[in-house]
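Below is one structure, written out as structure tokens, with a few remarks after it.
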Amino acid sequence: MSAPVRPRWRPTPLVQASVGLHAVALAGLFTPAWPWSLGALAADHALLTAAGLWPRSSWLGPNLTHLPRALPQVALTIDDGPDPQVTPAVLDLLDELQAVATFFCIGEHVQRHPALAREIVRRGHAIGNHSQHHRHHFSVLGPARLRREISAAQDTLADITGVRPAWFRAPAGLRNVFLDPVLHGLGLQLASWTRRGFDTRTGDATLVLRRLTRHLSGGDILLLHDHHAARTPQGQPVLLEVLPPLLAAIRAKGLQTVRLEPVGQ
Ligand SMILES: [Zn+2]
């Protein structure tokens, strides 16, 4: 029996419209109406750029921002690790609180701390692809470099942990129009989040907790960080202070934590 064939990649309506507009506007550059064509091209590029800078938008391709709302489930996602200073304590805390999470790992961090990456999987958590180097200019890379960056992380994570991720999260959630076909070609799906605590920017645990629990409901995907975690005034990674009350708030609403699982494409 032959392997299942993945459906062809399809651009979103916004991307299809942009391609059509380009054809018309480029032809218009050679007519007296060229200023209008130039303006239309500039506006289209601005719109595509804005869509890529909005982490939760689905204008450039499918983007998971929440789980099914009908289920009493919340997905904790923890980005940028593994980090030997923070991740072991996070794993112990999650065990103690009987919670599971999805760790969006950076490939080069997994290469540096392979035993820790394997420990994440051994403790029953999921691993996601957060690119090989977490480059700050990820969202301006062309298709070939995007593909290299993501497939290198995919190979690193699979070789070291034995698990090939199903989900990809863009560095800082920023992306461009080339990402969706690249992910499709690699068999990955894009996940962002419902809400985040901005826990890389503030060590105020109360504020981070409030951001994560305001309107907390079934289906939420919450974003936290182990590597790059801001420190509390006592010098503790803020995530460690936030997890116990966050899990208490999740339980108080009758919700339970789940991992991000692969879904049919
Ligand atoms: Zn990140």
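Residue numbering restarts at 1 for every chain of the structure tokens, chains are lettered A, B, ... in their displayed order, and ligands are numbered from 1 as they appear.
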Contacts to ligand 1 at 10 Å cut-off (only C-alpha atoms and all ligand atoms) as a PyMOL selection string: chain A and resi 78-81+104-106+130-131+133-136+169-174+200+223-228
Who sits within 12 Å of Pro262 of chain A, only C-alpha atoms, same chain under 5 positions skipped, as JSON, numbers by chain: {"A": [64, 67, 102, 126, 127, 128, 163, 164, 165, 166, 167, 168, 187, 188, 189, 190, 191]}
I'd like the contact shell of Arg147 of chain A - 8 Å cut-off, only C-alpha atoms, skipping same-chain residues fewer than 4 positions apart - returned as a PyMOL selection string. chain A and resi 143+151+182-183
Could you take the residues named above and write them with N, CA and C atoms, as a PDB file, in the first residue's frame?
ATOM      1  N   PRO A 143      12.512  31.913   1.214  1.00  0.00           N
ATOM      2  CA  PRO A 143      12.023  30.543   1.388  1.00  0.00           C
ATOM      3  C   PRO A 143      13.131  29.510   1.609  1.00  0.00           C
ATOM      4  N   SER A 151      14.094  22.963   8.884  1.00  0.00           N
ATOM      5  CA  SER A 151      14.375  21.528   8.720  1.00  0.00           C
ATOM      6  C   SER A 151      15.590  21.117   9.540  1.00  0.00           C
ATOM      7  N   VAL A 182       6.598  26.499   3.142  1.00  0.00           N
ATOM      8  CA  VAL A 182       7.751  25.778   3.686  1.00  0.00           C
ATOM      9  C   VAL A 182       7.283  24.780   4.752  1.00  0.00           C
ATOM     10  N   LEU A 183       6.425  25.224   5.668  1.00  0.00           N
ATOM     11  CA  LEU A 183       5.915  24.325   6.714  1.00  0.00           C
ATOM     12  C   LEU A 183       5.149  23.163   6.086  1.00  0.00           C
TER      13      LEU A 183
END
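The helix (DSSP H, G or I) portion of segment 52-118 of chain A consists of Gly52, Leu53, Thr87, Pro88, Ala89, Val90, Leu91, Asp92, Leu93, Leu94, Asp95, Glu96, Gly107, Glu108, His109, Val110, Gln111, Arg112, Pro114, Ala115, Leu116, Ala117 and Arg118 of chain A, with states taken from DSSP on the backbone.
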A:Leu243, A:Ile221, A:Ala158, A:Ala252 ranked by distance to Asp199 of chain A, top pick (using only C-alpha atoms):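 Nearest candidate to Asp199 of chain A out of A:Leu243, A:Ile221, A:Ala158, A:Ala252: A:Leu243.
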Counting only C-alpha atoms, which residue out of A:Pro82, A:Gly20, A:Pro88, A:Gly142 sits closest to Ala117 of chain A? A:Pro82
Close residues, Thr232 of chain A itself excluded, 8 Å, only C-alpha atoms, min 3 positions apart in chain, as a ChimeraX atom specification: /A:202-205,235-238
Strand (DSSP E) per DSSP on the backbone: members of segment 82-180 of chain A, as a list in words: Ala101, Thr102, Phe103, Phe104, Cys105, Ala126, Ile127, Gly128, Asn129, Trp167 and Phe168 of chain A
Counting only C-alpha atoms, figure out which residue out of A:Ile250, A:Ala89, A:Leu76, A:Val140 gets nearest to Ser192 of chain A. A:Leu76
Set the distance at 8 Å and use only C-alpha atoms: which residues neighbour segment 21-26 of chain A once local chain neighbours fewer than 5 positions away are removed? I'd like the list as an mmCIF file with N, CA and C atoms, in the first residue's frame.
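The resulting out27.cif:
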data_model
loop_
_atom_site.group_PDB
_atom_site.id
_atom_site.type_symbol
_atom_site.label_atom_id
_atom_site.label_comp_id
_atom_site.auth_asym_id
_atom_site.auth_seq_id
_atom_site.Cartn_x
_atom_site.Cartn_y
_atom_site.Cartn_z
ATOM 1 N N SER A 37 -0.572 52.071 -9.789
ATOM 2 C CA SER A 37 -0.054 50.698 -9.701
ATOM 3 C C SER A 37 1.012 50.597 -8.610
ATOM 4 N N LEU A 38 1.873 51.607 -8.596
ATOM 5 C CA LEU A 38 2.934 51.614 -7.579
ATOM 6 C C LEU A 38 2.323 51.688 -6.178
ATOM 7 N N ALA A 40 -0.659 50.690 -5.300
ATOM 8 C CA ALA A 40 -1.338 49.426 -4.977
ATOM 9 C C ALA A 40 -0.324 48.384 -4.530
ATOM 10 N N LEU A 41 0.834 48.330 -5.199
ATOM 11 C CA LEU A 41 1.873 47.369 -4.807
ATOM 12 C C LEU A 41 2.397 47.668 -3.403
#
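Closest approach to Ala50 of chain A among A:Arg259, A:Arg175, A:Arg251, A:Arg196: A:Arg175, based on only C-alpha atoms.
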Any idea what the distance is between atom CA of Pro55 of chain A and atom CA of Pro245 of chain A? 26.4 Å
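Proximity to Leu91 of chain A was assessed for A:Val121, A:Thr65, A:Glu241, A:Glu108 counting only C-alpha atoms; the smallest distance is recorded for A:Val121.
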Measuring between only C-alpha atoms, which one of A:Ser217, A:Gln111, A:Thr31, A:Asn176 shows the shortest distance to Asp159 of chain A?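 Distance minimum relative to Asp159 of chain A lands on A:Gln111.
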Please compute the atom CA of Ala230 of chain A-atom CA of Arg210 of chain A distance, one decimal, in Å.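 Between atom CA of Ala230 of chain A and atom CA of Arg210 of chain A the gap works out to 15.9 Å.
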